[in-house]
$ cat work08.txt   # compact mmCIF, N, CA and C atoms and all ligand atoms
# COMPACT_ATOMS: atom_id res chain seq x y z
N MET A 1270 0.88 -3.99 -9.32
CA MET A 1270 2.04 -3.45 -8.61
C MET A 1270 2.88 -4.58 -8.01
N LYS A 1271 2.17 -5.67 -7.67
CA LYS A 1271 2.84 -6.83 -7.11
C LYS A 1271 3.70 -7.53 -8.17
N SER A 1272 3.27 -7.46 -9.43
CA SER A 1272 3.95 -8.19 -10.51
C SER A 1272 5.19 -7.48 -11.03
N TYR A 1273 5.36 -6.21 -10.70
CA TYR A 1273 6.49 -5.46 -11.25
C TYR A 1273 7.54 -5.18 -10.19
N ILE A 1274 8.81 -5.32 -10.59
CA ILE A 1274 9.94 -5.12 -9.66
C ILE A 1274 10.33 -3.64 -9.65
N GLN A 1275 10.57 -3.13 -8.45
CA GLN A 1275 11.05 -1.75 -8.33
C GLN A 1275 12.58 -1.75 -8.23
N HIS A 1276 13.12 -2.32 -7.14
CA HIS A 1276 14.57 -2.43 -6.98
C HIS A 1276 14.90 -3.86 -6.53
N GLY A 1277 15.89 -4.50 -7.19
CA GLY A 1277 16.34 -5.83 -6.77
C GLY A 1277 15.24 -6.85 -6.82
N THR A 1278 14.80 -7.32 -5.64
CA THR A 1278 13.71 -8.29 -5.59
C THR A 1278 12.45 -7.65 -4.99
N ILE A 1279 12.51 -6.36 -4.78
CA ILE A 1279 11.38 -5.66 -4.14
C ILE A 1279 10.38 -5.20 -5.19
N SER A 1280 9.12 -5.63 -5.00
CA SER A 1280 8.09 -5.26 -5.97
C SER A 1280 7.68 -3.79 -5.78
N VAL A 1281 7.01 -3.27 -6.79
CA VAL A 1281 6.52 -1.88 -6.71
C VAL A 1281 5.54 -1.76 -5.53
N LEU A 1282 4.76 -2.84 -5.30
CA LEU A 1282 3.80 -2.81 -4.19
C LEU A 1282 4.53 -2.70 -2.85
N GLU A 1283 5.54 -3.57 -2.64
CA GLU A 1283 6.29 -3.53 -1.38
C GLU A 1283 6.94 -2.15 -1.18
N HIS A 1284 7.54 -1.64 -2.26
CA HIS A 1284 8.18 -0.32 -2.20
C HIS A 1284 7.15 0.75 -1.81
N SER A 1285 5.97 0.69 -2.42
CA SER A 1285 4.95 1.70 -2.16
C SER A 1285 4.44 1.62 -0.73
N ILE A 1286 4.31 0.40 -0.20
CA ILE A 1286 3.87 0.23 1.19
C ILE A 1286 4.93 0.82 2.13
N ARG A 1287 6.20 0.56 1.82
CA ARG A 1287 7.29 1.13 2.64
C ARG A 1287 7.26 2.66 2.61
N VAL A 1288 7.06 3.20 1.42
CA VAL A 1288 7.02 4.67 1.29
C VAL A 1288 5.82 5.21 2.09
N ALA A 1289 4.69 4.49 2.04
CA ALA A 1289 3.50 4.94 2.79
C ALA A 1289 3.76 4.87 4.30
N GLU A 1290 4.40 3.80 4.77
CA GLU A 1290 4.70 3.67 6.21
C GLU A 1290 5.65 4.77 6.67
N THR A 1291 6.69 5.01 5.87
CA THR A 1291 7.67 6.04 6.22
C THR A 1291 7.02 7.43 6.19
N SER A 1292 6.19 7.67 5.18
CA SER A 1292 5.49 8.96 5.07
C SER A 1292 4.58 9.17 6.28
N LEU A 1293 3.91 8.10 6.70
CA LEU A 1293 2.99 8.21 7.84
C LEU A 1293 3.76 8.58 9.12
N LYS A 1294 4.92 7.95 9.31
CA LYS A 1294 5.75 8.27 10.48
C LYS A 1294 6.14 9.75 10.47
N ILE A 1295 6.61 10.22 9.31
CA ILE A 1295 7.01 11.64 9.20
C ILE A 1295 5.79 12.54 9.39
N GLY A 1296 4.68 12.16 8.74
CA GLY A 1296 3.45 12.95 8.81
C GLY A 1296 2.94 13.08 10.24
N LYS A 1297 2.94 11.96 10.99
CA LYS A 1297 2.47 12.00 12.39
C LYS A 1297 3.38 12.88 13.23
N PHE A 1298 4.69 12.75 12.98
CA PHE A 1298 5.67 13.56 13.72
C PHE A 1298 5.42 15.05 13.49
N LEU A 1299 5.23 15.41 12.22
CA LEU A 1299 5.02 16.83 11.89
C LEU A 1299 3.66 17.32 12.41
N LYS A 1300 2.67 16.44 12.38
CA LYS A 1300 1.34 16.80 12.88
C LYS A 1300 1.41 17.08 14.38
N ASP A 1301 2.17 16.23 15.09
CA ASP A 1301 2.35 16.45 16.54
C ASP A 1301 3.04 17.78 16.82
N LEU A 1302 3.84 18.23 15.86
CA LEU A 1302 4.52 19.52 16.04
C LEU A 1302 3.59 20.70 15.71
N GLY A 1303 2.40 20.37 15.20
CA GLY A 1303 1.42 21.42 14.91
C GLY A 1303 1.19 21.71 13.43
N PHE A 1304 1.87 20.97 12.57
CA PHE A 1304 1.65 21.18 11.13
C PHE A 1304 0.32 20.56 10.72
N SER A 1305 -0.31 21.14 9.71
CA SER A 1305 -1.57 20.60 9.23
C SER A 1305 -1.27 19.56 8.14
N ILE A 1306 -1.48 18.30 8.47
CA ILE A 1306 -1.18 17.22 7.52
C ILE A 1306 -2.42 16.34 7.41
N ASN A 1307 -2.84 16.06 6.17
CA ASN A 1307 -3.95 15.15 5.96
C ASN A 1307 -3.36 13.74 5.83
N LEU A 1308 -3.44 12.97 6.92
CA LEU A 1308 -2.77 11.66 6.96
C LEU A 1308 -3.41 10.66 5.99
N LYS A 1309 -4.73 10.75 5.81
CA LYS A 1309 -5.40 9.81 4.89
C LYS A 1309 -4.92 10.05 3.45
N ASP A 1310 -4.91 11.31 3.03
CA ASP A 1310 -4.42 11.65 1.69
C ASP A 1310 -2.94 11.30 1.55
N LEU A 1311 -2.20 11.53 2.62
CA LEU A 1311 -0.76 11.24 2.61
C LEU A 1311 -0.52 9.75 2.31
N VAL A 1312 -1.24 8.88 3.01
CA VAL A 1312 -1.05 7.43 2.83
C VAL A 1312 -1.57 6.98 1.46
N ARG A 1313 -2.74 7.46 1.06
CA ARG A 1313 -3.28 7.06 -0.25
C ARG A 1313 -2.37 7.54 -1.39
N GLY A 1314 -1.89 8.76 -1.30
CA GLY A 1314 -0.99 9.29 -2.33
C GLY A 1314 0.31 8.50 -2.38
N ALA A 1315 0.83 8.16 -1.20
CA ALA A 1315 2.09 7.40 -1.13
C ALA A 1315 1.90 6.01 -1.74
N LEU A 1316 0.77 5.38 -1.43
CA LEU A 1316 0.52 4.03 -1.97
C LEU A 1316 0.41 4.03 -3.49
N LEU A 1317 -0.05 5.15 -4.04
CA LEU A 1317 -0.28 5.22 -5.50
C LEU A 1317 0.82 5.98 -6.26
N HIS A 1318 1.86 6.44 -5.55
CA HIS A 1318 2.82 7.33 -6.21
C HIS A 1318 3.54 6.66 -7.38
N ASP A 1319 3.70 5.34 -7.34
CA ASP A 1319 4.36 4.61 -8.44
C ASP A 1319 3.38 3.67 -9.15
N TYR A 1320 2.17 4.09 -9.33
CA TYR A 1320 1.13 3.26 -9.94
C TYR A 1320 1.23 3.33 -11.47
N PHE A 1321 2.46 3.08 -11.98
CA PHE A 1321 2.66 3.21 -13.44
C PHE A 1321 2.33 1.92 -14.18
N LEU A 1322 2.39 0.77 -13.48
CA LEU A 1322 1.91 -0.52 -14.00
C LEU A 1322 2.61 -1.03 -15.27
N TYR A 1323 3.92 -1.00 -15.29
CA TYR A 1323 4.68 -1.66 -16.35
C TYR A 1323 6.05 -2.03 -15.80
N ASP A 1324 6.77 -2.90 -16.51
CA ASP A 1324 8.12 -3.29 -16.07
C ASP A 1324 9.11 -2.29 -16.65
N TRP A 1325 9.59 -1.38 -15.80
CA TRP A 1325 10.47 -0.32 -16.30
C TRP A 1325 11.88 -0.83 -16.62
N HIS A 1326 12.18 -2.09 -16.26
CA HIS A 1326 13.50 -2.65 -16.59
C HIS A 1326 13.57 -3.12 -18.04
N LYS A 1327 12.39 -3.40 -18.64
CA LYS A 1327 12.36 -3.85 -20.04
C LYS A 1327 12.75 -2.69 -20.95
N LYS A 1328 13.59 -3.00 -21.93
CA LYS A 1328 14.01 -1.95 -22.86
C LYS A 1328 12.93 -1.75 -23.92
N GLU A 1329 12.07 -0.77 -23.68
CA GLU A 1329 11.02 -0.45 -24.63
C GLU A 1329 11.02 1.06 -24.83
N ASP A 1330 10.88 1.47 -26.09
CA ASP A 1330 10.98 2.90 -26.43
C ASP A 1330 10.01 3.80 -25.68
N TRP A 1331 8.76 3.32 -25.51
CA TRP A 1331 7.72 4.20 -24.97
C TRP A 1331 7.96 4.60 -23.51
N HIS A 1332 8.80 3.86 -22.78
CA HIS A 1332 9.07 4.29 -21.40
C HIS A 1332 10.58 4.41 -21.12
N LYS A 1333 11.35 4.74 -22.17
CA LYS A 1333 12.80 4.82 -21.95
C LYS A 1333 13.19 6.00 -21.04
N TRP A 1334 12.33 6.99 -20.91
CA TRP A 1334 12.58 8.10 -19.98
C TRP A 1334 11.75 7.91 -18.72
N HIS A 1335 11.76 6.68 -18.21
CA HIS A 1335 10.93 6.29 -17.05
C HIS A 1335 11.02 7.30 -15.90
N GLY A 1336 12.25 7.66 -15.54
CA GLY A 1336 12.44 8.57 -14.40
C GLY A 1336 11.67 9.88 -14.55
N PHE A 1337 11.59 10.36 -15.78
CA PHE A 1337 10.95 11.65 -16.02
C PHE A 1337 9.44 11.55 -16.22
N HIS A 1338 8.98 10.40 -16.72
CA HIS A 1338 7.57 10.33 -17.12
C HIS A 1338 6.67 9.44 -16.27
N HIS A 1339 7.25 8.59 -15.41
CA HIS A 1339 6.36 7.62 -14.74
C HIS A 1339 5.40 8.26 -13.74
N ALA A 1340 5.74 9.44 -13.23
CA ALA A 1340 4.82 10.10 -12.30
C ALA A 1340 3.52 10.48 -13.04
N ASP A 1341 3.67 10.96 -14.27
CA ASP A 1341 2.48 11.31 -15.07
C ASP A 1341 1.65 10.07 -15.40
N THR A 1342 2.36 8.97 -15.74
CA THR A 1342 1.65 7.72 -16.05
C THR A 1342 0.92 7.22 -14.80
N ALA A 1343 1.60 7.29 -13.65
CA ALA A 1343 0.98 6.84 -12.39
C ALA A 1343 -0.26 7.69 -12.09
N LEU A 1344 -0.17 8.99 -12.33
CA LEU A 1344 -1.31 9.87 -12.07
C LEU A 1344 -2.47 9.55 -13.00
N LYS A 1345 -2.15 9.29 -14.26
CA LYS A 1345 -3.19 8.94 -15.24
C LYS A 1345 -3.90 7.64 -14.83
N ASN A 1346 -3.10 6.61 -14.47
CA ASN A 1346 -3.68 5.33 -14.07
C ASN A 1346 -4.50 5.45 -12.78
N ALA A 1347 -3.94 6.18 -11.82
CA ALA A 1347 -4.62 6.31 -10.53
C ALA A 1347 -5.92 7.09 -10.68
N SER A 1348 -5.91 8.12 -11.54
CA SER A 1348 -7.13 8.91 -11.76
C SER A 1348 -8.20 8.06 -12.45
N ARG A 1349 -7.75 7.13 -13.28
CA ARG A 1349 -8.68 6.24 -13.99
C ARG A 1349 -9.32 5.24 -13.00
N ASP A 1350 -8.50 4.72 -12.06
CA ASP A 1350 -8.96 3.62 -11.19
C ASP A 1350 -9.49 4.06 -9.83
N PHE A 1351 -9.20 5.27 -9.40
CA PHE A 1351 -9.62 5.74 -8.07
C PHE A 1351 -10.08 7.18 -8.16
N GLU A 1352 -10.89 7.55 -7.15
CA GLU A 1352 -11.28 8.96 -7.04
C GLU A 1352 -10.23 9.64 -6.16
N LEU A 1353 -9.50 10.59 -6.74
CA LEU A 1353 -8.37 11.19 -6.01
C LEU A 1353 -8.70 12.60 -5.54
N THR A 1354 -8.16 12.95 -4.38
CA THR A 1354 -8.26 14.34 -3.91
C THR A 1354 -7.13 15.14 -4.58
N GLU A 1355 -7.21 16.47 -4.47
CA GLU A 1355 -6.16 17.32 -5.05
C GLU A 1355 -4.80 17.04 -4.39
N ILE A 1356 -4.81 16.77 -3.09
CA ILE A 1356 -3.55 16.47 -2.39
C ILE A 1356 -2.95 15.17 -2.92
N GLU A 1357 -3.78 14.16 -3.09
CA GLU A 1357 -3.29 12.87 -3.60
C GLU A 1357 -2.71 13.04 -5.02
N LYS A 1358 -3.39 13.83 -5.85
CA LYS A 1358 -2.89 14.09 -7.21
C LYS A 1358 -1.53 14.78 -7.15
N GLU A 1359 -1.42 15.76 -6.26
CA GLU A 1359 -0.17 16.52 -6.12
C GLU A 1359 0.98 15.61 -5.65
N ILE A 1360 0.67 14.70 -4.74
CA ILE A 1360 1.68 13.76 -4.25
C ILE A 1360 2.24 12.93 -5.40
N ILE A 1361 1.33 12.37 -6.20
CA ILE A 1361 1.76 11.50 -7.30
C ILE A 1361 2.51 12.32 -8.36
N ARG A 1362 1.94 13.46 -8.74
CA ARG A 1362 2.51 14.30 -9.80
C ARG A 1362 3.93 14.78 -9.47
N CYS A 1363 4.18 15.10 -8.21
CA CYS A 1363 5.44 15.77 -7.84
C CYS A 1363 6.46 14.87 -7.16
N HIS A 1364 6.19 13.55 -7.06
CA HIS A 1364 7.08 12.74 -6.22
C HIS A 1364 8.49 12.60 -6.80
N MET A 1365 8.68 12.92 -8.08
CA MET A 1365 10.03 12.80 -8.66
C MET A 1365 10.81 14.11 -8.63
N PHE A 1366 10.32 15.10 -7.90
CA PHE A 1366 11.11 16.32 -7.69
C PHE A 1366 12.33 15.94 -6.84
N PRO A 1367 13.54 16.40 -7.11
CA PRO A 1367 13.92 17.43 -8.06
C PRO A 1367 14.33 16.92 -9.45
N LEU A 1368 14.24 15.60 -9.71
CA LEU A 1368 14.55 15.13 -11.08
C LEU A 1368 13.61 15.84 -12.06
N ASN A 1369 12.33 15.82 -11.74
CA ASN A 1369 11.37 16.61 -12.53
C ASN A 1369 11.35 18.02 -11.92
N ILE A 1370 12.29 18.81 -12.35
CA ILE A 1370 12.59 20.09 -11.69
C ILE A 1370 11.42 21.08 -11.71
N THR A 1371 10.54 20.97 -12.72
CA THR A 1371 9.43 21.93 -12.82
C THR A 1371 8.26 21.53 -11.91
N LYS A 1372 8.28 20.30 -11.39
CA LYS A 1372 7.14 19.84 -10.56
C LYS A 1372 7.47 19.97 -9.09
N ILE A 1373 7.51 21.20 -8.64
CA ILE A 1373 7.83 21.49 -7.24
C ILE A 1373 6.58 21.23 -6.38
N PRO A 1374 6.70 20.37 -5.36
CA PRO A 1374 5.52 20.08 -4.52
C PRO A 1374 4.95 21.36 -3.90
N LYS A 1375 3.62 21.47 -3.94
CA LYS A 1375 2.97 22.67 -3.42
C LYS A 1375 2.30 22.42 -2.07
N VAL A 1376 2.22 21.15 -1.67
CA VAL A 1376 1.61 20.85 -0.36
C VAL A 1376 2.60 20.02 0.46
N MET A 1377 2.46 20.15 1.76
CA MET A 1377 3.34 19.46 2.71
C MET A 1377 3.35 17.94 2.48
N GLU A 1378 2.17 17.37 2.22
CA GLU A 1378 2.05 15.92 2.04
C GLU A 1378 2.94 15.46 0.87
N ALA A 1379 3.00 16.25 -0.20
CA ALA A 1379 3.81 15.88 -1.37
C ALA A 1379 5.31 15.96 -1.04
N TRP A 1380 5.69 16.95 -0.21
CA TRP A 1380 7.09 17.04 0.22
C TRP A 1380 7.47 15.81 1.03
N ILE A 1381 6.55 15.37 1.89
CA ILE A 1381 6.84 14.21 2.74
C ILE A 1381 7.06 12.96 1.89
N VAL A 1382 6.15 12.71 0.93
CA VAL A 1382 6.28 11.51 0.09
C VAL A 1382 7.53 11.58 -0.77
N THR A 1383 7.84 12.75 -1.29
CA THR A 1383 9.06 12.92 -2.09
C THR A 1383 10.29 12.51 -1.28
N MET A 1384 10.34 12.94 -0.03
CA MET A 1384 11.50 12.60 0.81
C MET A 1384 11.49 11.13 1.22
N ALA A 1385 10.31 10.63 1.59
CA ALA A 1385 10.19 9.22 2.00
C ALA A 1385 10.57 8.30 0.83
N ASP A 1386 10.17 8.69 -0.38
CA ASP A 1386 10.48 7.89 -1.57
C ASP A 1386 12.00 7.83 -1.80
N LYS A 1387 12.68 8.96 -1.66
CA LYS A 1387 14.14 8.98 -1.86
C LYS A 1387 14.82 8.10 -0.80
N TYR A 1388 14.35 8.26 0.43
CA TYR A 1388 14.94 7.49 1.53
C TYR A 1388 14.75 5.98 1.28
N CYS A 1389 13.51 5.56 1.00
CA CYS A 1389 13.23 4.13 0.81
C CYS A 1389 13.96 3.58 -0.41
N SER A 1390 14.02 4.35 -1.49
CA SER A 1390 14.71 3.89 -2.70
C SER A 1390 16.20 3.69 -2.42
N THR A 1391 16.79 4.60 -1.65
CA THR A 1391 18.22 4.47 -1.31
C THR A 1391 18.45 3.23 -0.46
N VAL A 1392 17.62 3.03 0.57
CA VAL A 1392 17.76 1.85 1.44
C VAL A 1392 17.59 0.57 0.62
N GLU A 1393 16.59 0.54 -0.26
CA GLU A 1393 16.34 -0.66 -1.07
C GLU A 1393 17.52 -0.94 -2.02
N THR A 1394 18.07 0.10 -2.63
CA THR A 1394 19.18 -0.07 -3.56
C THR A 1394 20.44 -0.54 -2.81
N LEU A 1395 20.69 0.04 -1.63
CA LEU A 1395 21.87 -0.37 -0.86
C LEU A 1395 21.72 -1.81 -0.37
N ALA A 1396 20.51 -2.18 0.07
CA ALA A 1396 20.26 -3.55 0.54
C ALA A 1396 20.50 -4.53 -0.59
N MET A 1397 20.07 -4.16 -1.79
CA MET A 1397 20.24 -5.01 -2.97
C MET A 1397 21.74 -5.20 -3.26
N ARG A 1398 22.50 -4.09 -3.18
CA ARG A 1398 23.95 -4.16 -3.43
C ARG A 1398 24.65 -5.02 -2.39
N ASN A 1399 24.31 -4.84 -1.10
CA ASN A 1399 24.92 -5.63 -0.03
C ASN A 1399 24.64 -7.11 -0.22
N LYS A 1400 23.38 -7.41 -0.60
CA LYS A 1400 22.99 -8.80 -0.81
C LYS A 1400 23.82 -9.39 -1.94
N LYS A 1401 23.98 -8.61 -3.03
CA LYS A 1401 24.73 -9.08 -4.19
C LYS A 1401 26.20 -9.31 -3.80
N GLU A 1402 26.75 -8.38 -3.01
CA GLU A 1402 28.14 -8.53 -2.56
C GLU A 1402 28.32 -9.77 -1.71
N ARG A 1403 27.32 -10.03 -0.82
CA ARG A 1403 27.41 -11.23 0.03
C ARG A 1403 27.39 -12.49 -0.82
N VAL A 1404 26.51 -12.51 -1.82
CA VAL A 1404 26.41 -13.68 -2.72
C VAL A 1404 27.72 -13.84 -3.49
N ASP A 1405 28.27 -12.72 -4.01
CA ASP A 1405 29.53 -12.76 -4.75
C ASP A 1405 30.67 -13.27 -3.86
N ASN A 1406 30.72 -12.76 -2.61
CA ASN A 1406 31.78 -13.19 -1.69
C ASN A 1406 31.67 -14.68 -1.38
N LYS A 1407 30.42 -15.15 -1.18
CA LYS A 1407 30.19 -16.58 -0.91
C LYS A 1407 30.68 -17.42 -2.08
N SER A 1408 30.34 -16.98 -3.30
CA SER A 1408 30.74 -17.71 -4.50
C SER A 1408 32.26 -17.73 -4.63
N ASN A 1409 32.90 -16.59 -4.33
CA ASN A 1409 34.37 -16.52 -4.39
C ASN A 1409 35.00 -17.48 -3.38
N LEU A 1410 34.46 -17.51 -2.15
CA LEU A 1410 34.98 -18.40 -1.12
C LEU A 1410 34.87 -19.85 -1.56
N LYS A 1411 33.69 -20.22 -2.10
CA LYS A 1411 33.47 -21.59 -2.56
C LYS A 1411 34.45 -21.94 -3.67
N ALA A 1412 34.68 -20.98 -4.59
CA ALA A 1412 35.59 -21.20 -5.71
C ALA A 1412 37.01 -21.41 -5.20
N GLN A 1413 37.37 -20.62 -4.15
CA GLN A 1413 38.73 -20.75 -3.59
C GLN A 1413 38.91 -22.09 -2.86
N GLU A 1414 37.83 -22.53 -2.20
CA GLU A 1414 37.90 -23.80 -1.46
C GLU A 1414 38.03 -25.01 -2.38
N SER A 1415 37.41 -24.91 -3.55
CA SER A 1415 37.43 -26.09 -4.43
C SER A 1415 38.66 -26.12 -5.32
FE FE B 1501 8.53 6.94 -8.63
FE FE B 1502 8.82 5.33 -5.52
$ encode --input "work08.txt" --output "structure tokens" --more "lines below"
Ligand SMILES: [Fe+2]
Ligand SMILES: [Fe+2]
Amino acid sequence: MKSYIQHGTISVLEHSIRVAETSLKIGKFLKDLGFSINLKDLVRGALLHDYFLYDWHKKEDWHKWHGFHHADTALKNASRDFELTEIEKEIIRCHMFPLNITKIPKVMEAWIVTMADKYCSTVETLAMRNKKERVDNKSNLKAQES
């Protein structure tokens, strides 16, 4: 997960840790409100939600529908390498809802990771764009000065 990039310069591992931290914050908040949330499953599922283990930026036929299929690949890999609870499986399987429209999360923990994943992906993508704009602006200024 460390070797593969998710967005910009952020590895899949860093992204997954962020999603797990954000999910934990939401999970604790909801638990304090009285909801039944399994925090251990929530964090483990979040850490493994993108355990697809390939470079999705490479143009290769077998993963050209990455957005639609990587949740299944992550679940297959995670089931092979770890002993998963039903909640953890559900988190990984459904994290691409609503893109994967038929995989509606059935447990609260999966809803939390789905939302945390969208939030973190948006922040990471915007940060990447801002960074690129800053670099472009710097290059333009240097070009104008010379
Ligand atoms: Fe994903
Ligand atoms: Fe993700």
$ residues_near_ligand --input "work08.txt" --ligand "ligand FE 1502 (chain B)" --cutoff "7 Å" --atoms "only C-alpha atoms and all ligand atoms" --output "PyMOL selection string"
chain A and resi 1284-1285+1318-1319+1386+1390
$ residues_near_ligand --input "work08.txt" --ligand "ligand FE 1501 (chain B)" --cutoff "12 Å" --atoms "only C-alpha atoms and all ligand atoms" --output "tab-separated table (two decimals) with N, CA and C atoms, in the coordinates of the input"
chain	number	residue	atom	x	y	z
A	1275	GLN	N	10.57	-3.13	-8.45
A	1275	GLN	CA	11.05	-1.75	-8.33
A	1275	GLN	C	12.58	-1.75	-8.23
A	1276	HIS	N	13.12	-2.32	-7.14
A	1276	HIS	CA	14.57	-2.43	-6.98
A	1276	HIS	C	14.90	-3.86	-6.53
A	1281	VAL	N	7.01	-3.27	-6.79
A	1281	VAL	CA	6.52	-1.88	-6.71
A	1281	VAL	C	5.54	-1.76	-5.53
A	1282	LEU	N	4.76	-2.84	-5.30
A	1282	LEU	CA	3.80	-2.81	-4.19
A	1282	LEU	C	4.53	-2.70	-2.85
A	1284	HIS	N	7.54	-1.64	-2.26
A	1284	HIS	CA	8.18	-0.32	-2.20
A	1284	HIS	C	7.15	0.75	-1.81
A	1285	SER	N	5.97	0.69	-2.42
A	1285	SER	CA	4.95	1.70	-2.16
A	1285	SER	C	4.44	1.62	-0.73
A	1288	VAL	N	7.06	3.20	1.42
A	1288	VAL	CA	7.02	4.67	1.29
A	1288	VAL	C	5.82	5.21	2.09
A	1314	GLY	N	-1.89	8.76	-1.30
A	1314	GLY	CA	-0.99	9.29	-2.33
A	1314	GLY	C	0.31	8.50	-2.38
A	1315	ALA	N	0.83	8.16	-1.20
A	1315	ALA	CA	2.09	7.40	-1.13
A	1315	ALA	C	1.90	6.01	-1.74
A	1316	LEU	N	0.77	5.38	-1.43
A	1316	LEU	CA	0.52	4.03	-1.97
A	1316	LEU	C	0.41	4.03	-3.49
A	1317	LEU	N	-0.05	5.15	-4.04
A	1317	LEU	CA	-0.28	5.22	-5.50
A	1317	LEU	C	0.82	5.98	-6.26
A	1318	HIS	N	1.86	6.44	-5.55
A	1318	HIS	CA	2.82	7.33	-6.21
A	1318	HIS	C	3.54	6.66	-7.38
A	1319	ASP	N	3.70	5.34	-7.34
A	1319	ASP	CA	4.36	4.61	-8.44
A	1319	ASP	C	3.38	3.67	-9.15
A	1320	TYR	N	2.17	4.09	-9.33
A	1320	TYR	CA	1.13	3.26	-9.94
A	1320	TYR	C	1.23	3.33	-11.47
A	1321	PHE	N	2.46	3.08	-11.98
A	1321	PHE	CA	2.66	3.21	-13.44
A	1321	PHE	C	2.33	1.92	-14.18
A	1322	LEU	N	2.39	0.77	-13.48
A	1322	LEU	CA	1.91	-0.52	-14.00
A	1322	LEU	C	2.61	-1.03	-15.27
A	1325	TRP	N	9.59	-1.38	-15.80
A	1325	TRP	CA	10.47	-0.32	-16.30
A	1325	TRP	C	11.88	-0.83	-16.62
A	1335	HIS	N	11.76	6.68	-18.21
A	1335	HIS	CA	10.93	6.29	-17.05
A	1335	HIS	C	11.02	7.30	-15.90
A	1336	GLY	N	12.25	7.66	-15.54
A	1336	GLY	CA	12.44	8.57	-14.40
A	1336	GLY	C	11.67	9.88	-14.55
A	1337	PHE	N	11.59	10.36	-15.78
A	1337	PHE	CA	10.95	11.65	-16.02
A	1337	PHE	C	9.44	11.55	-16.22
A	1338	HIS	N	8.98	10.40	-16.72
A	1338	HIS	CA	7.57	10.33	-17.12
A	1338	HIS	C	6.67	9.44	-16.27
A	1339	HIS	N	7.25	8.59	-15.41
A	1339	HIS	CA	6.36	7.62	-14.74
A	1339	HIS	C	5.40	8.26	-13.74
A	1340	ALA	N	5.74	9.44	-13.23
A	1340	ALA	CA	4.82	10.10	-12.30
A	1340	ALA	C	3.52	10.48	-13.04
A	1341	ASP	N	3.67	10.96	-14.27
A	1341	ASP	CA	2.48	11.31	-15.07
A	1341	ASP	C	1.65	10.07	-15.40
A	1342	THR	N	2.36	8.97	-15.74
A	1342	THR	CA	1.65	7.72	-16.05
A	1342	THR	C	0.92	7.22	-14.80
A	1343	ALA	N	1.60	7.29	-13.65
A	1343	ALA	CA	0.98	6.84	-12.39
A	1343	ALA	C	-0.26	7.69	-12.09
A	1344	LEU	N	-0.17	8.99	-12.33
A	1344	LEU	CA	-1.31	9.87	-12.07
A	1344	LEU	C	-2.47	9.55	-13.00
A	1360	ILE	N	0.67	14.70	-4.74
A	1360	ILE	CA	1.68	13.76	-4.25
A	1360	ILE	C	2.24	12.93	-5.40
A	1361	ILE	N	1.33	12.37	-6.20
A	1361	ILE	CA	1.76	11.50	-7.30
A	1361	ILE	C	2.51	12.32	-8.36
A	1362	ARG	N	1.94	13.46	-8.74
A	1362	ARG	CA	2.51	14.30	-9.80
A	1362	ARG	C	3.93	14.78	-9.47
A	1363	CYS	N	4.18	15.10	-8.21
A	1363	CYS	CA	5.44	15.77	-7.84
A	1363	CYS	C	6.46	14.87	-7.16
A	1364	HIS	N	6.19	13.55	-7.06
A	1364	HIS	CA	7.08	12.74	-6.22
A	1364	HIS	C	8.49	12.60	-6.80
A	1365	MET	N	8.68	12.92	-8.08
A	1365	MET	CA	10.03	12.80	-8.66
A	1365	MET	C	10.81	14.11	-8.63
A	1366	PHE	N	10.32	15.10	-7.90
A	1366	PHE	CA	11.11	16.32	-7.69
A	1366	PHE	C	12.33	15.94	-6.84
A	1367	PRO	N	13.54	16.40	-7.11
A	1367	PRO	CA	13.92	17.43	-8.06
A	1367	PRO	C	14.33	16.92	-9.45
A	1368	LEU	N	14.24	15.60	-9.71
A	1368	LEU	CA	14.55	15.13	-11.08
A	1368	LEU	C	13.61	15.84	-12.06
A	1369	ASN	N	12.33	15.82	-11.74
A	1369	ASN	CA	11.37	16.61	-12.53
A	1369	ASN	C	11.35	18.02	-11.92
A	1382	VAL	N	6.15	12.71	0.93
A	1382	VAL	CA	6.28	11.51	0.09
A	1382	VAL	C	7.53	11.58	-0.77
A	1383	THR	N	7.84	12.75	-1.29
A	1383	THR	CA	9.06	12.92	-2.09
A	1383	THR	C	10.29	12.51	-1.28
A	1384	MET	N	10.34	12.94	-0.03
A	1384	MET	CA	11.50	12.60	0.81
A	1384	MET	C	11.49	11.13	1.22
A	1385	ALA	N	10.31	10.63	1.59
A	1385	ALA	CA	10.19	9.22	2.00
A	1385	ALA	C	10.57	8.30	0.83
A	1386	ASP	N	10.17	8.69	-0.38
A	1386	ASP	CA	10.48	7.89	-1.57
A	1386	ASP	C	12.00	7.83	-1.80
A	1387	LYS	N	12.68	8.96	-1.66
A	1387	LYS	CA	14.14	8.98	-1.86
A	1387	LYS	C	14.82	8.10	-0.80
A	1389	CYS	N	13.51	5.56	1.00
A	1389	CYS	CA	13.23	4.13	0.81
A	1389	CYS	C	13.96	3.58	-0.41
A	1390	SER	N	14.02	4.35	-1.49
A	1390	SER	CA	14.71	3.89	-2.70
A	1390	SER	C	16.20	3.69	-2.42
$ select_by_dssp --input "work08.txt" --residues "chain A" --states "strand (DSSP E)" --output "list in words"
Ile1274, Gln1275, His1276, Ile1279 and Ser1280 of chain A
$ select_by_dssp --input "work08.txt" --residues "chain A" --states "alpha helix (DSSP H)" --output "MDAnalysis selection string"
chainID A and resid 1281:1301 1308:1317 1335:1350 1355:1363 1377:1414
$ closest_residue --input "work08.txt" --among "A:Ile1274, A:Tyr1388, A:His1326, A:Glu1355" --to "Ala1289 in chain A" --atoms "only C-alpha atoms"
A:Tyr1388
$ closest_residue --input "work08.txt" --among "A:Ser1272, A:Ala1379, A:Glu1290, A:Val1392" --to "Tyr1323 in chain A" --atoms "all atoms listed in the file"
A:Ser1272
$ atom_distance --input "work08.txt" --atom1 "atom C of Glu1357 in chain A" --atom2 "atom C of Val1312 in chain A"
8.9 Å
